[in-house]
file model32.txt (compact mmCIF, C-alpha atoms)
# COMPACT_ATOMS: atom_id res chain seq x y z
CA MET A 1 -48.43 141.03 22.20
CA TYR A 2 -50.11 139.17 19.42
CA ASN A 3 -50.27 135.38 19.20
CA ALA A 4 -49.62 135.20 22.98
CA LYS A 5 -51.67 132.02 23.27
CA TYR A 6 -49.08 130.24 21.11
CA ILE A 7 -45.93 132.00 22.19
CA VAL A 8 -46.27 131.79 25.98
CA PRO A 9 -46.95 128.03 26.13
CA GLY A 10 -44.17 127.60 23.57
CA ILE A 11 -41.70 129.41 25.81
CA VAL A 12 -42.85 127.37 28.81
CA VAL A 13 -42.39 124.08 26.92
CA PHE A 14 -38.97 125.19 25.70
CA LEU A 15 -37.82 126.11 29.22
CA ILE A 16 -39.04 122.78 30.60
CA LEU A 17 -37.20 120.87 27.89
CA ALA A 18 -34.04 122.95 28.11
CA THR A 19 -33.73 122.54 31.86
CA LEU A 20 -34.81 118.89 31.77
CA PRO A 21 -31.37 117.40 32.50
CA PHE A 22 -31.02 119.47 35.67
CA TRP A 23 -34.30 118.81 37.42
CA TRP A 24 -34.68 115.27 36.03
CA SER A 25 -31.46 114.13 37.61
CA SER A 26 -32.16 115.93 40.90
CA ILE A 27 -35.58 114.25 41.26
CA PHE A 28 -35.35 110.85 39.62
CA VAL A 29 -31.66 109.88 39.59
CA PRO A 30 -30.23 108.67 42.90
CA GLY A 31 -27.27 110.73 44.15
CA TYR A 32 -23.67 109.81 43.41
CA LYS A 33 -22.25 107.28 45.81
CA THR A 34 -18.57 106.46 46.03
CA PRO A 35 -18.31 102.84 44.94
CA GLU A 36 -17.33 100.26 47.54
CA LEU A 37 -14.07 98.69 46.46
CA ALA A 38 -12.76 95.29 47.38
CA LEU A 39 -9.38 96.05 48.91
CA PRO A 40 -6.69 93.39 49.09
CA LYS A 41 -7.18 91.43 52.29
CA ASP A 42 -3.56 90.70 53.16
CA GLN A 43 -2.22 94.25 52.64
CA ASP A 44 -2.95 97.30 54.78
CA LYS A 45 -1.44 99.90 52.47
CA CYS A 46 -0.64 100.49 48.83
CA ILE A 47 2.79 101.54 47.61
CA GLU A 48 1.87 105.15 48.35
CA SER A 49 -0.92 106.56 50.57
CA ALA A 50 -4.49 105.75 49.53
CA ASP A 51 -5.31 109.39 48.83
CA TYR A 52 -2.29 109.78 46.62
CA MET A 53 -3.12 106.60 44.73
CA LYS A 54 -6.74 107.66 44.26
CA ALA A 55 -5.71 110.94 42.72
CA ASN A 56 -2.56 109.93 40.90
CA HIS A 57 -2.56 106.26 39.96
CA MET A 58 -3.13 107.08 36.32
CA GLN A 59 -0.20 109.49 36.13
CA MET A 60 1.91 107.03 38.05
CA LEU A 61 1.11 104.18 35.68
CA ASN A 62 1.81 106.42 32.72
CA ASP A 63 5.11 107.46 34.25
CA TRP A 64 5.97 103.84 35.02
CA ARG A 65 5.36 102.62 31.51
CA ASP A 66 7.64 105.27 30.05
CA ARG A 67 10.36 104.64 32.58
CA VAL A 68 10.27 100.89 32.08
CA VAL A 69 9.89 100.74 28.32
CA ARG A 70 11.87 103.75 27.23
CA GLN A 71 14.43 104.41 29.95
CA GLY A 72 14.98 100.81 31.01
CA GLU A 73 14.34 101.61 34.67
CA ARG A 74 12.59 98.77 36.44
CA LEU A 75 12.42 99.58 40.16
CA TYR A 76 10.34 102.20 41.93
CA THR A 77 11.36 103.51 45.33
CA ALA A 78 8.27 104.53 47.28
CA THR A 79 8.23 107.49 49.69
CA ASP A 80 8.68 105.12 52.62
CA GLY A 81 11.82 103.69 51.01
CA LYS A 82 10.35 100.36 49.96
CA VAL A 83 11.33 99.23 46.49
CA TYR A 84 8.81 97.82 44.02
CA GLU A 85 9.06 96.50 40.49
CA MET A 86 7.31 98.91 38.13
CA SER A 87 4.75 96.61 36.56
CA LEU A 88 0.99 96.86 36.25
CA GLN A 89 0.57 93.17 35.66
CA ASN A 90 3.19 91.83 38.04
CA THR A 91 3.11 94.35 40.89
CA CYS A 92 -0.29 96.10 41.00
CA MET A 93 -2.34 93.09 40.04
CA LYS A 94 -0.57 90.74 42.44
CA CYS A 95 -2.24 92.62 45.33
CA HIS A 96 -5.35 93.92 43.61
CA THR A 97 -6.29 90.46 42.45
CA ASN A 98 -9.90 91.33 41.84
CA LYS A 99 -10.08 93.64 38.86
CA ALA A 100 -13.88 93.44 38.61
CA GLU A 101 -14.40 94.55 42.20
CA PHE A 102 -11.54 97.03 42.36
CA CYS A 103 -10.64 98.71 39.06
CA ASP A 104 -13.87 98.23 37.17
CA LYS A 105 -16.17 99.52 39.89
CA CYS A 106 -14.65 102.99 39.91
CA HIS A 107 -13.96 103.08 36.21
CA ASP A 108 -17.53 102.09 35.38
CA THR A 109 -18.96 104.69 37.75
CA ALA A 110 -16.74 107.40 36.33
CA SER A 111 -17.27 106.10 32.78
CA VAL A 112 -13.56 105.76 32.17
CA ASN A 113 -12.43 103.01 29.82
CA PRO A 114 -8.68 102.56 29.93
CA TYR A 115 -7.46 100.09 27.32
CA CYS A 116 -4.72 98.66 29.52
CA TRP A 117 -6.47 95.29 29.58
CA GLN A 118 -6.33 94.75 25.86
CA CYS A 119 -2.69 93.82 26.37
CA HIS A 120 -2.00 93.51 30.08
CA GLN A 121 -3.61 90.49 31.63
CA ALA A 122 -6.04 90.83 34.47
CA PRO A 123 -5.38 88.38 37.28
CA ARG A 124 -6.63 84.85 36.75
CA GLY A 125 -9.29 85.29 39.47
CA ASN A 126 -11.37 87.47 37.18
CA GLU A 127 -11.51 85.25 34.17
CA GLN A 128 -14.87 83.57 34.84
CA MET B 129 42.91 148.82 3.44
CA SER B 130 44.57 146.90 0.72
CA LYS B 131 45.89 143.40 1.36
CA THR B 132 48.98 142.11 -0.28
CA ARG B 133 49.27 138.47 -1.22
CA ARG B 134 51.97 138.13 1.49
CA ASP B 135 49.55 139.40 4.22
CA PHE B 136 46.81 137.08 3.06
CA LEU B 137 49.08 134.04 3.20
CA LYS B 138 50.27 134.98 6.70
CA ILE B 139 46.70 135.23 8.05
CA ALA B 140 45.68 132.03 6.27
CA GLY B 141 48.63 130.20 7.82
CA ILE B 142 47.83 131.40 11.34
CA SER B 143 44.14 130.50 10.90
CA ALA B 144 45.00 126.99 9.70
CA LEU B 145 47.26 126.53 12.72
CA GLY B 146 44.45 127.67 15.01
CA LEU B 147 41.96 125.26 13.44
CA GLY B 148 44.39 122.41 13.80
CA CYS B 149 44.88 123.13 17.51
CA SER B 150 41.14 123.36 18.23
CA ALA B 151 40.63 119.90 16.69
CA LEU B 152 43.20 118.35 19.06
CA PRO B 153 41.17 118.41 22.30
CA ALA B 154 38.12 117.13 20.37
CA ALA B 155 40.11 114.11 19.21
CA ALA B 156 41.31 113.50 22.75
CA SER B 157 37.80 113.62 24.21
CA GLU B 158 36.53 111.15 21.59
CA GLU B 159 38.92 108.57 22.94
CA GLY B 160 37.58 109.22 26.42
CA LEU B 161 33.99 108.81 25.25
CA ALA B 162 34.44 105.27 24.07
CA ALA B 163 35.48 104.13 27.53
CA ALA B 164 32.76 105.98 29.47
CA PRO B 165 29.36 104.30 29.78
CA ALA B 166 26.47 105.76 27.80
CA ALA B 167 25.07 108.78 29.58
CA ASP B 168 21.42 107.77 29.46
CA ALA B 169 21.76 104.27 30.89
CA PRO B 170 19.31 103.70 33.75
CA ALA B 171 20.64 104.55 37.21
CA ALA B 172 21.82 101.62 39.31
CA ASP B 173 19.12 102.09 41.98
CA THR B 174 16.38 101.66 39.39
CA MET B 175 17.74 98.35 38.22
CA ASN B 176 17.60 94.89 39.73
CA PRO B 177 21.07 94.21 41.20
CA HIS B 178 21.18 90.89 39.33
CA ALA B 179 20.33 92.48 35.97
CA LEU B 180 22.58 91.58 33.07
CA THR B 181 24.09 94.62 31.44
CA ALA B 182 26.19 95.25 28.37
CA THR B 183 27.10 98.11 26.10
CA ARG B 184 26.23 96.17 22.93
CA TRP B 185 24.21 93.00 23.15
CA GLY B 186 24.76 90.48 20.40
CA MET B 187 24.17 86.87 19.52
CA ALA B 188 26.15 84.15 17.81
CA ILE B 189 24.31 81.13 16.42
CA PHE B 190 26.20 77.86 16.06
CA THR B 191 24.13 76.66 13.13
CA ARG B 192 25.60 73.15 13.18
CA LYS B 193 24.82 72.64 16.84
CA ILE B 194 21.10 72.84 16.14
CA LYS B 195 20.10 69.29 15.52
CA GLY B 196 16.97 68.85 13.49
CA PRO B 197 13.42 70.16 13.52
CA GLU B 198 12.76 69.16 17.13
CA HIS B 199 15.58 71.40 18.34
CA PHE B 200 14.30 74.30 16.25
CA LYS B 201 10.83 73.79 17.64
CA GLN B 202 12.13 73.76 21.19
CA ILE B 203 13.92 77.09 20.75
CA ILE B 204 11.08 78.76 18.89
CA SER B 205 8.37 77.61 21.25
CA ALA B 206 10.42 78.69 24.28
CA CYS B 207 10.38 82.24 22.92
CA HIS B 208 6.84 82.23 21.61
CA SER B 209 5.23 80.73 24.69
CA TYR B 210 7.11 83.09 27.01
CA HIS B 211 6.07 86.18 25.07
CA ASN B 212 2.50 85.09 24.37
CA VAL B 213 3.12 85.08 20.64
CA PRO B 214 -0.07 83.83 18.96
CA LYS B 215 -0.06 80.86 16.60
CA ILE B 216 -2.17 82.08 13.70
CA PRO B 217 -2.67 79.42 11.02
CA LYS B 218 -3.28 81.79 8.11
CA HIS B 219 0.20 82.52 6.74
CA LYS B 220 -0.54 86.14 5.86
CA ASN B 221 -1.41 87.05 9.43
CA GLU B 222 1.39 85.07 11.04
CA ILE B 223 3.22 86.57 14.03
CA LYS B 224 6.83 85.53 14.53
CA TRP B 225 9.64 86.62 16.81
CA ILE B 226 12.02 83.83 15.93
CA TRP B 227 11.60 81.40 13.07
CA GLU B 228 13.51 79.21 10.63
CA ASP B 229 14.19 79.38 6.92
CA SER B 230 16.47 77.94 4.24
CA PHE B 231 19.99 79.11 3.35
CA GLU B 232 18.86 80.80 0.15
CA HIS B 233 16.24 82.84 1.98
CA THR B 234 18.48 83.64 4.91
CA PHE B 235 21.67 84.62 3.13
CA THR B 236 20.38 86.12 -0.09
CA GLU B 237 23.75 87.68 -0.87
CA LYS B 238 25.72 84.48 -0.39
CA GLU B 239 24.03 82.57 -3.20
CA SER B 240 26.41 80.23 -4.92
CA HIS B 241 25.90 77.77 -7.76
CA TYR B 242 27.91 75.05 -6.12
CA LEU B 243 26.98 75.31 -2.49
CA ALA B 244 27.84 72.40 -0.20
CA GLU B 245 24.87 70.08 -0.19
CA ASP B 246 24.44 69.97 3.59
CA VAL B 247 24.53 73.76 3.92
CA LYS B 248 22.01 74.08 1.12
CA MET B 249 19.62 71.74 2.93
CA MET B 250 20.17 73.34 6.32
CA ASP B 251 17.65 75.58 8.07
CA PHE B 252 18.68 78.70 9.94
CA LEU B 253 17.20 80.51 12.90
CA LEU B 254 16.04 84.00 12.09
CA LEU B 255 15.20 86.79 14.49
CA CYS B 256 15.45 90.54 14.80
CA ASN B 257 19.06 91.46 14.09
CA HIS B 258 19.12 94.45 16.45
CA CYS B 259 21.12 96.42 13.91
CA ASP B 260 23.54 99.20 14.71
CA ASN B 261 21.80 101.32 12.08
CA PRO B 262 18.25 100.07 12.31
CA PRO B 263 16.18 101.24 9.34
CA CYS B 264 12.97 100.56 11.29
CA VAL B 265 13.94 103.20 13.83
CA ARG B 266 14.73 105.72 11.13
CA VAL B 267 11.29 105.43 9.52
CA CYS B 268 9.08 105.19 12.60
CA PRO B 269 7.02 108.40 12.72
CA THR B 270 6.11 108.07 16.42
CA LYS B 271 9.45 106.74 17.73
CA ALA B 272 7.54 103.66 18.89
CA THR B 273 10.50 101.62 17.75
CA PHE B 274 13.77 102.94 19.08
CA LYS B 275 17.28 101.86 19.85
CA ARG B 276 18.46 101.82 23.44
CA ASP B 277 21.72 103.74 23.25
CA TRP B 278 23.18 102.16 26.34
CA ASP B 279 22.93 98.51 25.27
CA GLY B 280 22.04 98.57 21.57
CA ILE B 281 18.73 96.73 21.81
CA VAL B 282 16.13 97.80 19.26
CA MET B 283 12.91 98.02 21.25
CA MET B 284 9.22 98.32 20.49
CA ASP B 285 7.01 100.58 22.58
CA MET B 286 3.59 99.02 22.04
CA HIS B 287 1.93 101.97 23.76
CA ARG B 288 3.08 104.29 21.03
CA CYS B 289 2.79 102.11 17.94
CA ILE B 290 0.10 103.42 15.59
CA GLY B 291 0.36 100.45 13.25
CA CYS B 292 1.51 102.33 10.15
CA ARG B 293 3.87 99.44 9.31
CA PHE B 294 6.61 101.68 7.87
CA CYS B 295 9.03 99.65 9.98
CA MET B 296 7.88 96.44 8.31
CA ALA B 297 8.56 97.97 4.94
CA ALA B 298 11.95 99.24 6.09
CA CYS B 299 13.22 96.08 7.80
CA PRO B 300 15.29 94.11 5.28
CA TYR B 301 15.06 90.98 7.44
CA GLY B 302 11.29 90.62 7.69
CA SER B 303 11.60 90.54 11.45
CA ARG B 304 8.41 92.38 12.18
CA SER B 305 4.87 91.12 12.33
CA PHE B 306 1.63 93.02 12.34
CA ASN B 307 -1.40 92.14 14.44
CA PHE B 308 -4.22 92.22 11.93
CA GLY B 309 -6.64 91.04 14.60
CA ASP B 310 -6.87 90.41 18.32
CA PRO B 311 -4.13 87.85 19.02
CA ARG B 312 -5.57 86.51 22.29
CA PRO B 313 -7.86 83.82 20.83
CA TYR B 314 -4.79 82.30 19.14
CA ILE B 315 -2.71 81.96 22.28
CA LYS B 316 -3.18 78.50 23.67
CA GLU B 317 -1.69 79.10 27.08
CA LEU B 318 -1.20 82.64 28.35
CA ASN B 319 1.96 83.37 30.28
CA PRO B 320 0.58 85.45 33.17
CA ASP B 321 3.89 87.31 33.61
CA TYR B 322 3.97 88.87 30.16
CA PRO B 323 1.39 91.00 28.37
CA THR B 324 -0.18 90.15 25.03
CA ARG B 325 -0.54 92.62 22.20
CA MET B 326 -3.61 94.31 20.80
CA ARG B 327 -4.96 94.61 17.30
CA GLY B 328 -3.11 97.12 15.13
CA VAL B 329 0.42 97.05 16.53
CA VAL B 330 3.67 95.72 15.13
CA GLU B 331 5.78 93.40 17.23
CA LYS B 332 9.16 91.71 17.10
CA CYS B 333 11.92 90.11 19.14
CA ASP B 334 13.35 92.44 21.78
CA PHE B 335 16.29 90.26 22.95
CA CYS B 336 14.21 89.51 26.09
CA VAL B 337 14.90 92.88 27.75
CA GLU B 338 12.58 91.98 30.60
CA ARG B 339 14.48 88.74 31.26
CA LEU B 340 17.86 90.50 31.08
CA ALA B 341 16.56 93.03 33.61
CA GLN B 342 15.86 90.14 35.98
CA GLY B 343 19.26 88.58 35.41
CA MET B 344 18.13 85.83 33.06
CA MET B 345 19.39 84.97 29.59
CA PRO B 346 16.96 85.29 26.67
CA ALA B 347 14.43 82.44 26.45
CA CYS B 348 15.81 81.12 23.14
CA VAL B 349 19.36 81.04 24.46
CA GLU B 350 18.25 79.13 27.54
CA ALA B 351 16.34 76.60 25.44
CA SER B 352 19.07 76.17 22.82
CA GLU B 353 21.39 73.94 24.86
CA GLY B 354 24.46 75.91 23.85
CA ALA B 355 23.65 76.49 20.19
CA LEU B 356 22.96 80.17 20.77
CA VAL B 357 25.53 82.34 22.51
CA PHE B 358 24.48 85.70 23.86
CA GLY B 359 26.64 88.43 25.32
CA ASP B 360 28.34 91.77 25.09
CA LEU B 361 29.92 92.42 21.69
CA ASP B 362 31.94 95.29 23.17
CA ASP B 363 33.57 93.03 25.74
CA PRO B 364 36.47 91.09 24.18
CA ASN B 365 36.21 88.43 26.92
CA SER B 366 32.52 87.71 26.49
CA ASP B 367 31.25 84.34 25.26
CA VAL B 368 30.06 85.82 21.97
CA ARG B 369 33.36 87.43 21.19
CA LYS B 370 35.14 84.20 22.05
CA ALA B 371 32.84 82.27 19.73
CA LEU B 372 33.35 84.82 16.97
CA ARG B 373 37.10 84.85 17.47
CA GLU B 374 37.43 81.10 17.17
CA ASN B 375 34.97 80.53 14.32
CA PHE B 376 34.21 81.94 10.92
CA SER B 377 30.89 83.74 10.97
CA ILE B 378 28.62 85.51 8.53
CA ARG B 379 25.82 88.00 8.94
CA ARG B 380 22.69 88.60 6.92
CA LYS B 381 22.58 91.23 4.15
CA THR B 382 25.68 93.10 5.29
CA SER B 383 25.84 95.13 2.07
CA LEU B 384 22.85 97.17 3.27
CA GLY B 385 25.01 98.66 6.02
CA THR B 386 22.59 98.05 8.87
CA GLN B 387 25.30 96.20 10.86
CA PRO B 388 23.27 93.34 12.31
CA SER B 389 24.40 92.01 15.68
CA VAL B 390 23.30 88.43 15.07
CA TYR B 391 26.18 86.32 13.76
CA TYR B 392 25.88 82.90 12.13
CA ILE B 393 28.68 80.41 12.61
CA ILE B 394 28.31 78.06 9.65

call {"tool": "encode", "arguments": {"input": "model32.txt", "output": "C-alpha cells"}}
result
Amino acid sequence: MYNAKYIVPGIVVFLILATLPFWWSSIFVPGYKTPELALPKDQDKCIESADYMKANHMQMLNDWRDRVVRQGERLYTATDGKVYEMSLQNTCMKCHTNKAEFCDKCHDTASVNPYCWQCHQAPRGNEQ
Amino acid sequence: MSKTRRDFLKIAGISALGLGCSALPAAASEEGLAAAPAADAPAADTMNPHALTATRWGMAIFTRKIKGPEHFKQIISACHSYHNVPKIPKHKNEIKWIWEDSFEHTFTEKESHYLAEDVKMMDFLLLCNHCDNPPCVRVCPTKATFKRDWDGIVMMDMHRCIGCRFCMAACPYGSRSFNFGDPRPYIKELNPDYPTRMRGVVEKCDFCVERLAQGMMPACVEASEGALVFGDLDDPNSDVRKALRENFSIRRKTSLGTQPSVYYII
C-alpha cells in the first residue's frame, strides 16, 4: 500500500467523524427522560384512559375538528358513557389549564410544534 | 332481417311506453324526498338536546326597525366581539362579518333615478347571504368553504383554507375578508370561548353555527331588539316566513341566481 501514512489516518478521522452523532450522544448527552407533566388537580381521569390519550390525542383532536366543523356533530360519548362537548378550547383546556406545564413540556421534548394555538386560545392562566 | 316501417313504429311505441312507466316511480320518490330530512344531518346523540335545527336557515331584516348608527353599532359589535373579529384600521386589510352600507351599494340592481329620499339616505346591514347556490363553494379548490346540506349554512373550515382567495373573487356580495396579518394584536378583548384566526385564511359570517348548536340565536339577532328575524325558511310557520308573508321584501343581486337567504324588508 502506498501513501499509507496519509490514507490510514484519513480513514480513522473519517470514521470518527461519521460515527460522531452516535458516541457523542451516548457519552455527553443525558438520557431521555419522560417529562413531568402538571396534571389537573381536581380531575382524576381524562375523557379516555391516560394511555389512550397519550397515544391518540392527536388523532382524536383531528377527528373532533372534522366532526364538529364538517359534520356538525358536537358531542362526544366516551367509552365510559360520559358525554363531552368536542372542543379543544372549551373542553380540553378547561381541565388542562396549564398549557406551558402540560402540552408544551411534551411537545418541546418531542420537538413537535402543532399550530393549534395560532387560532385556539390557550387558557388565561398561561398568558403571563 | 329486414324491418318494415310498421315494425319499427311498433317497437318505438312500446319503448316509449316503457320509458314513461320507469319515470313514474322516480317522480313519486322525489315527492317523498322533500319531506324526509337530509340524510347527512348529524345524529341526535351527537347534538345538544337544546340545539336549534332547521332545514334552511334564513334571515329577514326589518330595515326600518334599525334606528340610527348606535343601533347598527350595537348589532355589529355584538357579532364582532363574540367572534373575535379584529378591528384593523387600514381599510384594505379590514375584516368584517357584518357591516353597513348605503342603498346604492347594497342593492346595485335596484338603482332608480327618483328613489324616495329616506330610502336613499338609509344604511343597510350586510352579511354573508348563505346562498342556495353559493359561488364561493363552487370555486374553493380545497372544499374549505362548503354548504351544510342539512341546514343550508355556508361554512368556513379554517383548518383547510389555504388562503387562495378564489372565494373572495367569486362572492358577489363582498362578504369575505382575508387575514393579511396576524389578527390577534387588533382584538381588544378576546372572547375566551371562541377561537381567533391565523394569518392567511379567509373568514366570514357563519350564521353563528356554534351558538345554534347550543340553542342560542345568532349574536346579531339577539342584539338587534327585533330588527333581525332568524328562522327556518322551509317552515311556513316560522318567524321569518311570517315576516316575509306580511311584508314586501327584496334580496341582493337576485339576477345572479345565487338565491341569497337574507331578505330585506324595506

call {"tool": "interface_residues", "arguments": {"input": "model32.txt", "of": "chain B", "to": "chain A", "cutoff": "8 Å", "atoms": "all atoms listed in the file", "output": "MDAnalysis selection string"}}
result
chainID B and resid 168:171 173:176 276 285 320:326 341

call {"tool": "residues_around", "arguments": {"input": "model32.txt", "residues": "Asn113 in chain A", "least_positions_apart": "6", "cutoff": "12 Å", "atoms": "only C-alpha atoms", "output": "PyMOL selection string"}}
result
chain A and resi 103-107

call {"tool": "write_last_selection", "arguments": {"input": "model32.txt", "atoms": "C-alpha atoms", "output": "PDB file, in the coordinates of the input"}}
result
ATOM      1  CA  CYS A 103     -10.640  98.710  39.060  1.00  0.00           C
ATOM      2  CA  ASP A 104     -13.870  98.230  37.170  1.00  0.00           C
ATOM      3  CA  LYS A 105     -16.170  99.520  39.890  1.00  0.00           C
ATOM      4  CA  CYS A 106     -14.650 102.990  39.910  1.00  0.00           C
ATOM      5  CA  HIS A 107     -13.960 103.080  36.210  1.00  0.00           C
TER       6      HIS A 107
END

call {"tool": "residues_around", "arguments": {"input": "model32.txt", "residues": "Lys271 in chain B", "least_positions_apart": "4", "cutoff": "9 Å", "atoms": "all atoms listed in the file", "output": "list in words"}}
result
Val265, Arg266, Val267, Met284, Asp285, Arg288 and Cys289 of chain B

call {"tool": "atom_distance", "arguments": {"input": "model32.txt", "atom1": "CA of Trp225 in chain B", "atom2": "CA of Lys275 in chain B"}}
result
17.3 Å

call {"tool": "residues_around", "arguments": {"input": "model32.txt", "residues": "Lys54 in chain A", "least_positions_apart": "5", "cutoff": "12 Å", "atoms": "all atoms listed in the file", "output": "number ranges by chain"}}
result
A: 37, 46-49, 59-60, 102-103, 106-107

call {"tool": "atom_distance", "arguments": {"input": "model32.txt", "atom1": "CA of Met286 in chain B", "atom2": "CA of Ala272 in chain B"}}
result
6.9 Å

call {"tool": "residues_near_point", "arguments": {"input": "model32.txt", "point": "(20.5, 89.8, 32.4)", "cutoff": "10 Å", "atoms": "only C-alpha atoms", "output": "count of residues only"}}
result
19

call {"tool": "closest_residue", "arguments": {"input": "model32.txt", "among": "B:Ile203, B:Asn257, B:Gly302, B:Asp363", "to": "His233 in chain B", "atoms": "only C-alpha atoms"}}
result
B:Gly302

call {"tool": "residues_near_point", "arguments": {"input": "model32.txt", "point": "(1.2, 84.8, 9.9)", "cutoff": "12 Å", "atoms": "all atoms listed in the file", "output": "list in words"}}
result
Val213, Pro214, Lys215, Ile216, Pro217, Lys218, His219, Lys220, Asn221, Glu222, Ile223, Lys224, Trp225, Trp227, Gly302, Ser303, Arg304, Ser305, Phe306, Asn307, Phe308, Gly309, Pro311 and Tyr314 of chain B

call {"tool": "closest_residue", "arguments": {"input": "model32.txt", "among": "A:Trp23, A:Lys94, A:Val8, A:Ala18", "to": "Asp42 in chain A", "atoms": "only C-alpha atoms"}}
result
A:Lys94

call {"tool": "build_atoms", "arguments": {"input": "model32.txt", "residues": "range 61-84 of chain A", "atoms": "N, CA and C atoms", "output": "compact mmCIF listing (two decimals), in the frame of the given file"}}
result
# COMPACT_ATOMS: atom_id res chain seq x y z
N LEU A 61 0.99 105.29 36.62
CA LEU A 61 1.11 104.18 35.68
C LEU A 61 1.69 104.66 34.34
N ASN A 62 1.29 105.86 33.96
CA ASN A 62 1.81 106.42 32.72
C ASN A 62 3.31 106.67 32.82
N ASP A 63 3.70 107.19 33.98
CA ASP A 63 5.11 107.46 34.25
C ASP A 63 5.89 106.14 34.28
N TRP A 64 5.31 105.14 34.93
CA TRP A 64 5.97 103.84 35.02
C TRP A 64 6.21 103.24 33.65
N ARG A 65 5.21 103.31 32.79
CA ARG A 65 5.36 102.62 31.51
C ARG A 65 6.45 103.28 30.68
N ASP A 66 6.57 104.61 30.79
CA ASP A 66 7.64 105.27 30.05
C ASP A 66 9.00 104.94 30.63
N ARG A 67 9.05 104.91 31.96
CA ARG A 67 10.36 104.64 32.58
C ARG A 67 10.82 103.22 32.30
N VAL A 68 9.89 102.28 32.32
CA VAL A 68 10.27 100.89 32.08
C VAL A 68 10.62 100.68 30.61
N VAL A 69 9.70 101.08 29.73
CA VAL A 69 9.89 100.74 28.32
C VAL A 69 10.98 101.59 27.69
N ARG A 70 10.99 102.87 27.98
CA ARG A 70 11.87 103.75 27.23
C ARG A 70 13.19 104.02 27.93
N GLN A 71 13.18 104.12 29.27
CA GLN A 71 14.43 104.41 29.95
C GLN A 71 15.09 103.17 30.53
N GLY A 72 14.39 102.04 30.49
CA GLY A 72 14.98 100.81 31.01
C GLY A 72 15.07 100.77 32.52
N GLU A 73 14.34 101.65 33.21
CA GLU A 73 14.34 101.61 34.67
C GLU A 73 13.24 100.65 35.10
N ARG A 74 13.55 99.82 36.09
CA ARG A 74 12.59 98.77 36.44
C ARG A 74 12.08 98.88 37.87
N LEU A 75 12.81 99.56 38.74
CA LEU A 75 12.42 99.58 40.16
C LEU A 75 11.95 100.96 40.57
N TYR A 76 10.92 100.96 41.43
CA TYR A 76 10.34 102.20 41.93
C TYR A 76 10.58 102.26 43.42
N THR A 77 11.17 103.35 43.89
CA THR A 77 11.36 103.51 45.33
C THR A 77 10.23 104.37 45.86
N ALA A 78 9.41 103.80 46.74
CA ALA A 78 8.27 104.53 47.28
C ALA A 78 8.75 105.56 48.29
N THR A 79 7.84 106.45 48.74
CA THR A 79 8.23 107.49 49.69
C THR A 79 8.73 106.90 51.00
N ASP A 80 8.21 105.71 51.37
CA ASP A 80 8.68 105.12 52.62
C ASP A 80 9.95 104.29 52.43
N GLY A 81 10.54 104.35 51.23
CA GLY A 81 11.82 103.69 51.01
C GLY A 81 11.71 102.27 50.48
N LYS A 82 10.50 101.72 50.47
CA LYS A 82 10.35 100.36 49.96
C LYS A 82 10.48 100.36 48.44
N VAL A 83 11.07 99.28 47.92
CA VAL A 83 11.33 99.23 46.49
C VAL A 83 10.38 98.23 45.83
N TYR A 84 9.76 98.67 44.74
CA TYR A 84 8.81 97.82 44.02
C TYR A 84 9.23 97.72 42.55
